[in-house]
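Pasting protein.cif here (mmCIF, N, CA and C atoms):
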data_final
loop_
_atom_site.group_PDB
_atom_site.id
_atom_site.type_symbol
_atom_site.label_atom_id
_atom_site.label_comp_id
_atom_site.auth_asym_id
_atom_site.auth_seq_id
_atom_site.Cartn_x
_atom_site.Cartn_y
_atom_site.Cartn_z
ATOM 1 N N CYS A 1 93.789 88.447 82.323
ATOM 2 C CA CYS A 1 93.886 89.866 81.990
ATOM 3 C C CYS A 1 95.331 90.332 82.151
ATOM 4 N N PRO A 2 95.785 91.205 81.306
ATOM 5 C CA PRO A 2 97.164 91.685 81.404
ATOM 6 C C PRO A 2 97.390 92.650 82.573
ATOM 7 N N GLU A 3 96.308 93.235 83.092
ATOM 8 C CA GLU A 3 96.436 94.157 84.224
ATOM 9 C C GLU A 3 95.204 94.046 85.108
ATOM 10 N N THR A 4 95.378 94.390 86.381
ATOM 11 C CA THR A 4 94.281 94.293 87.336
ATOM 12 C C THR A 4 93.617 95.655 87.438
ATOM 13 N N LYS A 5 92.405 95.735 86.894
ATOM 14 C CA LYS A 5 91.665 96.993 86.900
ATOM 15 C C LYS A 5 90.264 96.754 87.431
ATOM 16 N N ALA A 6 89.668 97.816 87.922
ATOM 17 C CA ALA A 6 88.254 97.819 88.296
ATOM 18 C C ALA A 6 87.698 99.122 87.754
ATOM 19 N N GLY A 7 86.974 99.045 86.655
ATOM 20 C CA GLY A 7 86.564 100.268 85.985
ATOM 21 C C GLY A 7 87.813 100.955 85.450
ATOM 22 N N GLU A 8 88.011 102.191 85.845
ATOM 23 C CA GLU A 8 89.196 102.936 85.410
ATOM 24 C C GLU A 8 90.359 102.835 86.401
ATOM 25 N N TRP A 9 90.133 102.252 87.552
ATOM 26 C CA TRP A 9 91.186 102.111 88.572
ATOM 27 C C TRP A 9 92.102 100.953 88.222
ATOM 28 N N MET A 10 93.410 101.179 88.281
ATOM 29 C CA MET A 10 94.366 100.093 88.088
ATOM 30 C C MET A 10 95.053 99.819 89.418
ATOM 31 N N TYR A 11 95.100 98.532 89.775
ATOM 32 C CA TYR A 11 95.744 98.124 91.020
ATOM 33 C C TYR A 11 97.147 97.629 90.714
ATOM 34 N N LEU A 12 98.100 98.106 91.492
ATOM 35 C CA LEU A 12 99.485 97.709 91.310
ATOM 36 C C LEU A 12 99.863 96.683 92.369
ATOM 37 N N CYS A 13 100.809 95.860 92.045
ATOM 38 C CA CYS A 13 101.148 94.708 92.867
ATOM 39 C C CYS A 13 102.079 95.092 94.012
ATOM 40 N N ILE A 14 101.659 94.780 95.214
ATOM 41 C CA ILE A 14 102.470 95.093 96.383
ATOM 42 C C ILE A 14 103.686 94.185 96.483
ATOM 43 N N THR A 15 103.570 92.938 96.029
ATOM 44 C CA THR A 15 104.711 92.022 96.087
ATOM 45 C C THR A 15 105.789 92.471 95.127
ATOM 46 N N MET A 16 105.386 92.879 93.948
ATOM 47 C CA MET A 16 106.363 93.377 92.988
ATOM 48 C C MET A 16 107.024 94.642 93.517
ATOM 49 N N ALA A 17 106.321 95.375 94.362
ATOM 50 C CA ALA A 17 106.877 96.598 94.944
ATOM 51 C C ALA A 17 108.092 96.290 95.792
ATOM 52 N N THR A 18 108.026 95.229 96.572
ATOM 53 C CA THR A 18 109.149 94.909 97.431
ATOM 54 C C THR A 18 110.362 94.507 96.604
ATOM 55 N N MET A 19 110.125 93.955 95.433
ATOM 56 C CA MET A 19 111.232 93.555 94.574
ATOM 57 C C MET A 19 111.833 94.746 93.828
ATOM 58 N N ALA A 20 111.005 95.697 93.466
ATOM 59 C CA ALA A 20 111.455 96.784 92.602
ATOM 60 C C ALA A 20 111.464 98.145 93.296
ATOM 61 N N GLN A 21 111.254 98.174 94.592
ATOM 62 C CA GLN A 21 111.246 99.414 95.355
ATOM 63 C C GLN A 21 110.067 100.324 95.043
ATOM 64 N N TRP A 22 109.167 99.880 94.223
ATOM 65 C CA TRP A 22 107.982 100.679 93.905
ATOM 66 C C TRP A 22 106.906 99.733 93.408
ATOM 67 N N ARG A 23 105.673 100.111 93.550
ATOM 68 C CA ARG A 23 104.589 99.245 93.093
ATOM 69 C C ARG A 23 104.663 99.076 91.582
ATOM 70 N N GLN A 24 104.480 97.843 91.169
ATOM 71 C CA GLN A 24 104.597 97.502 89.761
ATOM 72 C C GLN A 24 103.309 96.879 89.258
ATOM 73 N N GLN A 25 103.148 96.922 87.972
ATOM 74 C CA GLN A 25 102.009 96.276 87.327
ATOM 75 C C GLN A 25 102.401 94.839 87.005
ATOM 76 N N CYS A 26 101.494 93.910 87.254
ATOM 77 C CA CYS A 26 101.685 92.528 86.813
ATOM 78 C C CYS A 26 100.329 92.015 86.346
ATOM 79 N N CYS A 27 100.332 90.897 85.646
ATOM 80 C CA CYS A 27 99.063 90.389 85.128
ATOM 81 C C CYS A 27 98.141 90.024 86.292
ATOM 82 N N THR A 28 96.860 89.960 86.023
ATOM 83 C CA THR A 28 95.861 89.796 87.077
ATOM 84 C C THR A 28 96.032 88.505 87.854
ATOM 85 N N ILE A 29 96.278 87.387 87.183
ATOM 86 C CA ILE A 29 96.402 86.136 87.929
ATOM 87 C C ILE A 29 97.598 86.197 88.873
ATOM 88 N N ASP A 30 98.708 86.790 88.436
ATOM 89 C CA ASP A 30 99.862 86.953 89.331
ATOM 90 C C ASP A 30 99.523 87.898 90.478
ATOM 91 N N HIS A 31 98.804 88.965 90.167
ATOM 92 C CA HIS A 31 98.407 89.918 91.203
ATOM 93 C C HIS A 31 97.542 89.240 92.262
ATOM 94 N N ILE A 32 96.597 88.412 91.820
ATOM 95 C CA ILE A 32 95.732 87.697 92.767
ATOM 96 C C ILE A 32 96.565 86.739 93.620
ATOM 97 N N LEU A 33 97.432 85.984 92.990
ATOM 98 C CA LEU A 33 98.273 85.044 93.739
ATOM 99 C C LEU A 33 99.185 85.766 94.721
ATOM 100 N N HIS A 34 99.804 86.860 94.302
ATOM 101 C CA HIS A 34 100.665 87.639 95.188
ATOM 102 C C HIS A 34 99.872 88.194 96.371
ATOM 103 N N THR A 35 98.660 88.678 96.082
ATOM 104 C CA THR A 35 97.818 89.242 97.139
ATOM 105 C C THR A 35 97.419 88.177 98.151
ATOM 106 N N VAL A 36 96.928 87.050 97.681
ATOM 107 C CA VAL A 36 96.512 85.974 98.589
ATOM 108 C C VAL A 36 97.713 85.464 99.380
ATOM 109 N N ASP A 37 98.861 85.315 98.730
ATOM 110 C CA ASP A 37 100.064 84.877 99.440
ATOM 111 C C ASP A 37 100.464 85.864 100.526
ATOM 112 N N SER A 38 100.449 87.165 100.206
ATOM 113 C CA SER A 38 100.863 88.158 101.202
ATOM 114 C C SER A 38 99.872 88.236 102.363
ATOM 115 N N VAL A 39 98.587 88.083 102.089
ATOM 116 C CA VAL A 39 97.578 88.060 103.148
ATOM 117 C C VAL A 39 97.796 86.836 104.046
ATOM 118 N N THR A 40 98.047 85.693 103.423
ATOM 119 C CA THR A 40 98.281 84.460 104.176
ATOM 120 C C THR A 40 99.520 84.577 105.061
ATOM 121 N N VAL A 41 100.593 85.129 104.509
ATOM 122 C CA VAL A 41 101.821 85.313 105.288
ATOM 123 C C VAL A 41 101.553 86.219 106.485
ATOM 124 N N LEU A 42 100.850 87.317 106.271
ATOM 125 C CA LEU A 42 100.568 88.233 107.377
ATOM 126 C C LEU A 42 99.691 87.578 108.434
ATOM 127 N N LEU A 43 98.647 86.877 108.026
ATOM 128 C CA LEU A 43 97.748 86.235 108.993
ATOM 129 C C LEU A 43 98.446 85.139 109.788
ATOM 130 N N ASN A 44 99.469 84.523 109.202
ATOM 131 C CA ASN A 44 100.217 83.470 109.888
ATOM 132 C C ASN A 44 101.454 83.989 110.605
ATOM 133 N N SER A 45 101.662 85.281 110.589
ATOM 134 C CA SER A 45 102.831 85.879 111.228
ATOM 135 C C SER A 45 102.651 85.927 112.743
ATOM 136 N N PRO A 46 103.557 85.307 113.505
ATOM 137 C CA PRO A 46 103.447 85.371 114.962
ATOM 138 C C PRO A 46 103.693 86.781 115.506
ATOM 139 N N GLN A 47 104.387 87.617 114.744
ATOM 140 C CA GLN A 47 104.584 88.999 115.182
ATOM 141 C C GLN A 47 103.298 89.803 115.050
ATOM 142 N N ALA A 48 102.591 89.624 113.935
ATOM 143 C CA ALA A 48 101.365 90.382 113.702
ATOM 144 C C ALA A 48 100.182 89.786 114.448
ATOM 145 N N PHE A 49 100.112 88.462 114.475
ATOM 146 C CA PHE A 49 99.000 87.760 115.124
ATOM 147 C C PHE A 49 99.567 86.633 115.983
ATOM 148 N N PRO A 50 99.950 86.945 117.212
ATOM 149 C CA PRO A 50 100.615 85.954 118.061
ATOM 150 C C PRO A 50 99.753 84.741 118.410
ATOM 151 N N SER A 51 98.458 84.872 118.304
ATOM 152 C CA SER A 51 97.578 83.756 118.617
ATOM 153 C C SER A 51 96.576 83.595 117.483
ATOM 154 N N GLY A 52 96.291 82.351 117.127
ATOM 155 C CA GLY A 52 95.298 82.108 116.096
ATOM 156 C C GLY A 52 93.883 82.206 116.619
ATOM 157 N N ILE A 53 93.740 82.428 117.911
ATOM 158 C CA ILE A 53 92.418 82.465 118.539
ATOM 159 C C ILE A 53 92.036 83.882 118.952
ATOM 160 N N ASN A 54 92.934 84.562 119.609
ATOM 161 C CA ASN A 54 92.670 85.934 120.084
ATOM 162 C C ASN A 54 93.496 86.919 119.276
ATOM 163 N N PHE A 55 92.898 88.053 118.976
ATOM 164 C CA PHE A 55 93.602 89.096 118.238
ATOM 165 C C PHE A 55 93.766 90.298 119.148
ATOM 166 N N PRO A 56 94.959 90.508 119.711
ATOM 167 C CA PRO A 56 95.167 91.654 120.590
ATOM 168 C C PRO A 56 95.026 92.962 119.824
ATOM 169 N N ALA A 57 94.754 94.016 120.545
ATOM 170 C CA ALA A 57 94.506 95.334 119.940
ATOM 171 C C ALA A 57 95.567 95.741 118.920
ATOM 172 N N PRO A 58 96.869 95.554 119.167
ATOM 173 C CA PRO A 58 97.855 95.953 118.154
ATOM 174 C C PRO A 58 97.686 95.227 116.810
ATOM 175 N N SER A 59 97.112 94.045 116.835
ATOM 176 C CA SER A 59 96.901 93.291 115.596
ATOM 177 C C SER A 59 95.786 93.876 114.744
ATOM 178 N N HIS A 60 94.884 94.612 115.355
ATOM 179 C CA HIS A 60 93.728 95.158 114.637
ATOM 180 C C HIS A 60 94.138 96.109 113.521
ATOM 181 N N ARG A 61 95.286 96.719 113.636
ATOM 182 C CA ARG A 61 95.724 97.696 112.635
ATOM 183 C C ARG A 61 95.919 97.061 111.260
ATOM 184 N N HIS A 62 96.069 95.760 111.201
ATOM 185 C CA HIS A 62 96.292 95.069 109.929
ATOM 186 C C HIS A 62 95.007 94.803 109.148
ATOM 187 N N PHE A 63 93.864 94.799 109.817
ATOM 188 C CA PHE A 63 92.629 94.384 109.166
ATOM 189 C C PHE A 63 92.219 95.279 108.000
ATOM 190 N N GLY A 64 92.389 96.582 108.116
ATOM 191 C CA GLY A 64 92.037 97.491 107.024
ATOM 192 C C GLY A 64 92.843 97.215 105.771
ATOM 193 N N SER A 65 94.133 97.011 105.951
ATOM 194 C CA SER A 65 95.007 96.716 104.822
ATOM 195 C C SER A 65 94.647 95.382 104.177
ATOM 196 N N LEU A 66 94.377 94.382 105.002
ATOM 197 C CA LEU A 66 93.989 93.073 104.471
ATOM 198 C C LEU A 66 92.695 93.176 103.673
ATOM 199 N N ALA A 67 91.728 93.890 104.199
ATOM 200 C CA ALA A 67 90.443 94.044 103.510
ATOM 201 C C ALA A 67 90.615 94.776 102.184
ATOM 202 N N ARG A 68 91.417 95.836 102.154
ATOM 203 C CA ARG A 68 91.648 96.577 100.913
ATOM 204 C C ARG A 68 92.311 95.692 99.860
ATOM 205 N N ARG A 69 93.285 94.905 100.275
ATOM 206 C CA ARG A 69 93.975 94.036 99.319
ATOM 207 C C ARG A 69 93.006 93.027 98.701
ATOM 208 N N LEU A 70 92.187 92.408 99.531
ATOM 209 C CA LEU A 70 91.243 91.413 99.017
ATOM 210 C C LEU A 70 90.131 92.067 98.207
ATOM 211 N N GLU A 71 89.745 93.275 98.571
ATOM 212 C CA GLU A 71 88.701 93.997 97.837
ATOM 213 C C GLU A 71 89.122 94.250 96.387
ATOM 214 N N CYS A 72 90.402 94.450 96.151
ATOM 215 C CA CYS A 72 90.887 94.656 94.779
ATOM 216 C C CYS A 72 90.549 93.467 93.897
ATOM 217 N N ILE A 73 90.664 92.268 94.444
ATOM 218 C CA ILE A 73 90.344 91.064 93.675
ATOM 219 C C ILE A 73 88.858 91.038 93.348
ATOM 220 N N PHE A 74 88.019 91.255 94.363
ATOM 221 C CA PHE A 74 86.577 91.269 94.125
ATOM 222 C C PHE A 74 86.208 92.340 93.101
ATOM 223 N N ALA A 75 86.782 93.529 93.226
ATOM 224 C CA ALA A 75 86.447 94.628 92.326
ATOM 225 C C ALA A 75 86.818 94.297 90.882
ATOM 226 N N HIS A 76 88.000 93.740 90.692
ATOM 227 C CA HIS A 76 88.401 93.395 89.327
ATOM 228 C C HIS A 76 87.440 92.386 88.713
ATOM 229 N N VAL A 77 87.154 91.326 89.441
ATOM 230 C CA VAL A 77 86.265 90.295 88.904
ATOM 231 C C VAL A 77 84.867 90.860 88.663
ATOM 232 N N TYR A 78 84.387 91.692 89.580
ATOM 233 C CA TYR A 78 83.055 92.281 89.435
ATOM 234 C C TYR A 78 82.960 93.146 88.177
ATOM 235 N N PHE A 79 83.940 94.017 87.954
ATOM 236 C CA PHE A 79 83.877 94.955 86.835
ATOM 237 C C PHE A 79 84.254 94.339 85.488
ATOM 238 N N HIS A 80 85.122 93.339 85.494
ATOM 239 C CA HIS A 80 85.632 92.832 84.218
ATOM 240 C C HIS A 80 85.208 91.402 83.900
ATOM 241 N N HIS A 81 84.644 90.708 84.848
ATOM 242 C CA HIS A 81 84.200 89.327 84.635
ATOM 243 C C HIS A 81 82.903 89.117 85.399
ATOM 244 N N ARG A 82 81.925 89.963 85.139
ATOM 245 C CA ARG A 82 80.679 89.991 85.900
ATOM 246 C C ARG A 82 79.989 88.634 85.956
ATOM 247 N N GLU A 83 79.955 87.917 84.839
ATOM 248 C CA GLU A 83 79.280 86.610 84.829
ATOM 249 C C GLU A 83 79.960 85.638 85.797
ATOM 250 N N VAL A 84 81.286 85.647 85.812
ATOM 251 C CA VAL A 84 82.031 84.774 86.727
ATOM 252 C C VAL A 84 81.757 85.190 88.165
ATOM 253 N N PHE A 85 81.749 86.493 88.423
ATOM 254 C CA PHE A 85 81.481 86.995 89.771
ATOM 255 C C PHE A 85 80.102 86.548 90.235
ATOM 256 N N GLU A 86 79.105 86.753 89.397
ATOM 257 C CA GLU A 86 77.731 86.413 89.785
ATOM 258 C C GLU A 86 77.558 84.915 89.988
ATOM 259 N N GLN A 87 78.191 84.102 89.159
ATOM 260 C CA GLN A 87 78.110 82.653 89.322
ATOM 261 C C GLN A 87 78.776 82.215 90.628
ATOM 262 N N ALA A 88 79.974 82.718 90.889
ATOM 263 C CA ALA A 88 80.678 82.361 92.126
ATOM 264 C C ALA A 88 79.921 82.866 93.343
ATOM 265 N N GLU A 89 79.378 84.050 93.257
ATOM 266 C CA GLU A 89 78.634 84.613 94.384
ATOM 267 C C GLU A 89 77.360 83.810 94.654
ATOM 268 N N ALA A 90 76.692 83.373 93.603
ATOM 269 C CA ALA A 90 75.481 82.568 93.775
ATOM 270 C C ALA A 90 75.791 81.235 94.451
ATOM 271 N N GLU A 91 76.952 80.673 94.123
ATOM 272 C CA GLU A 91 77.320 79.378 94.687
ATOM 273 C C GLU A 91 77.952 79.474 96.067
ATOM 274 N N LEU A 92 78.797 80.490 96.286
ATOM 275 C CA LEU A 92 79.633 80.528 97.488
ATOM 276 C C LEU A 92 79.392 81.707 98.429
ATOM 277 N N SER A 93 78.771 82.760 97.937
ATOM 278 C CA SER A 93 78.536 83.977 98.729
ATOM 279 C C SER A 93 79.819 84.529 99.347
ATOM 280 N N LEU A 94 80.926 84.458 98.615
ATOM 281 C CA LEU A 94 82.203 84.940 99.146
ATOM 282 C C LEU A 94 82.173 86.432 99.448
ATOM 283 N N TYR A 95 81.650 87.215 98.514
ATOM 284 C CA TYR A 95 81.618 88.658 98.740
ATOM 285 C C TYR A 95 80.641 88.994 99.862
ATOM 286 N N ALA A 96 79.484 88.371 99.854
ATOM 287 C CA ALA A 96 78.489 88.638 100.904
ATOM 288 C C ALA A 96 79.054 88.332 102.290
ATOM 289 N N GLU A 97 79.906 87.314 102.377
ATOM 290 C CA GLU A 97 80.494 86.943 103.675
ATOM 291 C C GLU A 97 81.514 87.963 104.156
ATOM 292 N N THR A 98 82.026 88.799 103.268
ATOM 293 C CA THR A 98 83.055 89.760 103.663
ATOM 294 C C THR A 98 82.525 91.179 103.857
ATOM 295 N N THR A 99 81.258 91.395 103.587
ATOM 296 C CA THR A 99 80.701 92.738 103.732
ATOM 297 C C THR A 99 80.233 92.975 105.156
ATOM 298 N N PRO A 100 80.200 94.240 105.590
ATOM 299 C CA PRO A 100 79.792 94.553 106.957
ATOM 300 C C PRO A 100 78.378 94.078 107.292
ATOM 301 N N ASP A 101 77.523 93.934 106.290
ATOM 302 C CA ASP A 101 76.146 93.509 106.537
ATOM 303 C C ASP A 101 76.023 92.004 106.792
ATOM 304 N N SER A 102 77.105 91.265 106.481
ATOM 305 C CA SER A 102 77.012 89.817 106.627
ATOM 306 C C SER A 102 77.087 89.426 108.105
ATOM 307 N N SER A 103 76.443 88.345 108.426
ATOM 308 C CA SER A 103 76.512 87.866 109.797
ATOM 309 C C SER A 103 77.501 86.727 109.876
ATOM 310 N N CYS A 104 78.386 86.799 110.833
ATOM 311 C CA CYS A 104 79.441 85.777 110.959
ATOM 312 C C CYS A 104 79.038 84.772 112.003
#
What would you get if you wrote out this structure as structure tokens?
Amino acid sequence: CPETKAGEWMYLCITMATMAQWRQQCCTIDHILHTVDSVTVLLNSPQAFPSGINFPAPSHRHFGSLARRLECIFAHVYFHHREVFEQAEAELSLYAETTPDSSC
């Protein structure tokens, strides 16, 4: 897809924002890759998450942002590629594993 949308909502790329001083539009596959890369960098950051086992209270502030970033990917696939979403969900339950109702 040339842009990352969910219904009428368009998601702009946070990685492109750091390059251009403002959020920019990029194609969906680039947006997904940028999002996953930025989430991975943050989760592996010793400043944000000093331990891979325990998450101290100051680290909790990052979880909302991480969830919103990943939700954009799910939303785009759900609204614009429903068959792919349903097939992947049937096989892997990725979305179900990330919802508050899921048991970890």
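Of the listed residues A:Cys72, A:Ala90, A:Val36, A:Val41, the one whose atoms come nearest to Tyr11 (chain A) is A:Cys72, with distances taken using only C-alpha atoms.
Between atom C of Ser45 (chain A) and atom N of Pro58 (chain A) the interatomic distance comes to 12.9 Å.
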Two-atom distance - CA of Glu86 (chain A), CA of Pro2 (chain A) (Å):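 These two atoms are separated by 21.8 Å.
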Option closest in space to Phe74 (chain A), from A:Tyr95, A:Gln87, A:Ser59, A:Asp37 [counting all atoms listed in the file]: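 Going through A:Tyr95, A:Gln87, A:Ser59, A:Asp37 one by one, the smallest distance to Phe74 (chain A) is for A:Tyr95.
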Expected selection from the PyMOL selection byres ((chain A and resi 6) around 6.5), given as number ranges by chain: A: 4-5, 7-11, 75-76, 79-80
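Straight-line separation from atom C of Glu71 (chain A) to atom N of Ile32 (chain A): 10.5 Å.
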Radius query 7 Å about (93.6, 89.8, 82.2), atoms used: all atoms listed in the file, as a PyMOL selection string: chain A and resi 1-4+27-29
Test item, strand (DSSP E or B) assignment across chain A, answer as a list in words: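 Of chain A, only Thr4, Lys5, Ala6, Trp9, Met10, Tyr11, Cys13 and Gln24 of chain A fall in strand (DSSP E or B).
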Centre and size of axis-aligned box enclosing region 50-56 of chain A plus 5 Å each side, as AutoDock Vina command-line options:
--center_x 96.3 --center_y 87.5 --center_z 118.3 --size_x 18.6 --size_y 20.9 --size_z 14.5
Which of chain A DSSP labels helix (DSSP H, G or I), written as number ranges by chain: A: 14-20, 28-43, 57-80, 82-92, 94-98
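Closest approach to Ala48 (chain A) among A:Leu12, A:His62, A:Gln25, A:Thr35 is made by A:His62 (distances from only C-alpha atoms).
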